[in-house]
Amino acid sequence: AQSVTQLGSHVSVSEGALVLLRCNYSSSVPPYLFWYVQYPNQGLQLLLKYTTGATLVKGINGFEAEFKKSETSFHLTKPSAHMSDAAEYFCAVSDGIKAAGNKLTFGGGTRVLVKP
Amino acid sequence: DAGVTQSPTHLIKTRGQHVTLRCSPISGHKSVSWYQQVLGQGPQFIFQYYEKEERGRGNFPDRFSARQFPNYSSELNVNALLLGDSALYLCASSLIRDGWDQPQHFGDGTRLSIL
């Protein structure tokens with residue numbers, strides 16, 4: 001079974017400051033990892049993904065995440081927060097990306113508040 | 001290109017009723033998944049369908065069922081609604097390329113309220 005833990009249900013940052021959202025996962029198979037963002041009254045938008053290869057992954061809107069197998073972590077960062085980054089962020093793990101019962105297991109989410 | 005579209009956007013039902021939620025995937029996407037997102041929580045996997053067959057099922061009671069049509073659109077049905085079924089129901093579609101599932105793209109969801 002897979003699981004995802006996001007440390008901190010709420011994070012408050014000042015505009016221009018570093019954004020750091022923490023994600024730890026548990027998986028019995030090599031994980032495929034994702035970060036999604038959800039704005040109010042909307043669905044989920046993919047920020048970035050890790051499947052194989054380079055462990056530092058760059059996504060949209062200036063976000064990046066680093067896969068650390070030894071720490072079972074996939075933390076999300078952005079060097080400089082913008083007001084438009086205020087949203088809820090979800091880390092997710094997949095049990096595979098072959099087309100046979102693939103599913104995403106999500107963490108509980110981290111709500112980001114950006115202060116002017 | 002149109003994204004994943006879901007209908008209706010909002011729905012109010014009473015306990016014991018039945019509901020059908022609909023999803024149209026992105027053109028070319030043959031895989032559709034359904035998730036339930038209770039307020040304040042992350043989405044929980046309900047079903048995945050690929051090529052009109054159920055390929056995965058989450059830990060949900062038999063009151064939940066789904067199907068996929070020849071045009072790859074999908075319906076989620078929930079019978080005997082309970083107050084705890086109040087949630088945002090998300091549909092996601094993905095492209096299967098060379099046997100590999102590409103990242104899932106989500107619709108804006110159907111918000112279901114049970115009175």
# chains A, B, ... in the order shown; residues from 1 in each chain; ligands from 1
call {"tool": "residues_around", "arguments": {"residues": "range 62-77 of chain A", "least_positions_apart": "3", "cutoff": "7 Å", "atoms": "only C-alpha atoms", "output": "PyMOL selection string"}}
result
chain A and resi 19-26+55-59
call {"tool": "write_last_selection", "arguments": {"atoms": "N, CA, C and O atoms", "output": "compact mmCIF listing (two decimals), in the first residue's frame"}}
result
# COMPACT_ATOMS: atom_id res chain seq x y z
N VAL A 19 9.15 29.47 -0.80
CA VAL A 19 8.06 28.55 -0.49
C VAL A 19 8.65 27.15 -0.40
O VAL A 19 9.35 26.70 -1.31
N LEU A 20 8.38 26.46 0.71
CA LEU A 20 8.84 25.08 0.89
C LEU A 20 7.68 24.26 1.42
O LEU A 20 7.18 24.52 2.52
N LEU A 21 7.25 23.28 0.64
CA LEU A 21 6.18 22.38 1.05
C LEU A 21 6.75 20.97 1.12
O LEU A 21 7.35 20.51 0.17
N ARG A 22 6.50 20.33 2.26
CA ARG A 22 7.14 19.04 2.52
C ARG A 22 6.21 17.88 2.21
O ARG A 22 5.01 17.91 2.53
N CYS A 23 6.80 16.84 1.60
CA CYS A 23 6.05 15.65 1.24
C CYS A 23 6.93 14.43 1.47
O CYS A 23 8.05 14.37 0.96
N ASN A 24 6.42 13.49 2.23
CA ASN A 24 7.08 12.19 2.39
C ASN A 24 6.13 11.10 1.93
O ASN A 24 4.93 11.18 2.15
N TYR A 25 6.68 10.07 1.33
CA TYR A 25 5.84 9.03 0.77
C TYR A 25 6.27 7.66 1.29
O TYR A 25 7.38 7.49 1.80
N SER A 26 5.38 6.72 1.12
CA SER A 26 5.68 5.32 1.39
C SER A 26 5.21 4.52 0.20
O SER A 26 4.08 4.68 -0.26
N THR A 55 16.62 13.65 -10.66
CA THR A 55 15.86 13.72 -9.40
C THR A 55 15.37 15.13 -9.09
O THR A 55 14.49 15.29 -8.26
N LEU A 56 15.94 16.14 -9.74
CA LEU A 56 15.45 17.50 -9.57
C LEU A 56 14.53 17.80 -10.74
O LEU A 56 14.96 17.79 -11.90
N VAL A 57 13.29 18.05 -10.43
CA VAL A 57 12.27 18.21 -11.46
C VAL A 57 11.76 19.65 -11.45
O VAL A 57 11.42 20.19 -10.39
N LYS A 58 11.72 20.24 -12.60
CA LYS A 58 11.19 21.60 -12.73
C LYS A 58 9.78 21.55 -13.29
O LYS A 58 9.48 20.74 -14.18
N GLY A 59 8.92 22.42 -12.74
CA GLY A 59 7.54 22.44 -13.19
C GLY A 59 7.12 23.82 -13.66
O GLY A 59 7.95 24.66 -13.97
call {"tool": "residues_around", "arguments": {"residues": "Asp108 in chain B", "least_positions_apart": "2", "cutoff": "8 Å", "atoms": "only C-alpha atoms", "output": "PyMOL selection string"}}
result
(chain A and resi 41-44) or (chain B and resi 4-6+9+90+106+110)
call {"tool": "interface_residues", "arguments": {"of": "chain A", "to": "chain B", "cutoff": "10 Å", "atoms": "only C-alpha atoms", "output": "ChimeraX atom specification"}}
result
/A:9,34,36,38-46,48-49,88-92,94,96-111
call {"tool": "closest_residue", "arguments": {"among": "A:Pro116, A:Asp95, A:Ser80, A:Trp35", "to": "Ile60 in chain A", "atoms": "only C-alpha atoms"}}
result
A:Trp35
call {"tool": "select_by_dssp", "arguments": {"residues": "chain A", "states": "helix (DSSP H, G or I)", "output": "list in words"}}
result
Ile60, Asn61, Gly62, Lys69, Ser70, Glu71, Met83, Ser84 and Asp85 of chain A
call {"tool": "select_by_dssp", "arguments": {"residues": "chain A", "states": "strand (DSSP E or B)", "output": "PyMOL selection string"}}
result
chain A and resi 3-7+10-14+19-26+32-38+44-50+56-58+64-68+73-78+87-94+98+104-106+110-115
call {"tool": "residues_around", "arguments": {"residues": "Thr51 in chain A", "least_positions_apart": "3", "cutoff": "8 Å", "atoms": "only C-alpha atoms", "output": "PyMOL selection string"}}
result
chain A and resi 31-33
call {"tool": "write_last_selection", "arguments": {"atoms": "N, CA and C atoms", "output": "compact mmCIF listing (two decimals), in the first residue's frame"}}
result
# COMPACT_ATOMS: atom_id res chain seq x y z
N PRO A 31 8.49 4.67 -6.84
CA PRO A 31 7.34 5.57 -6.91
C PRO A 31 7.37 6.49 -8.10
N TYR A 32 6.20 6.88 -8.53
CA TYR A 32 6.05 7.98 -9.45
C TYR A 32 5.35 9.07 -8.64
N LEU A 33 5.92 10.26 -8.62
CA LEU A 33 5.48 11.30 -7.71
C LEU A 33 5.01 12.53 -8.45
call {"tool": "closest_residue", "arguments": {"among": "A:Val93, A:Ala1, A:Leu47, A:Ala87", "to": "Ser28 in chain A", "atoms": "only C-alpha atoms"}}
result
A:Ala1
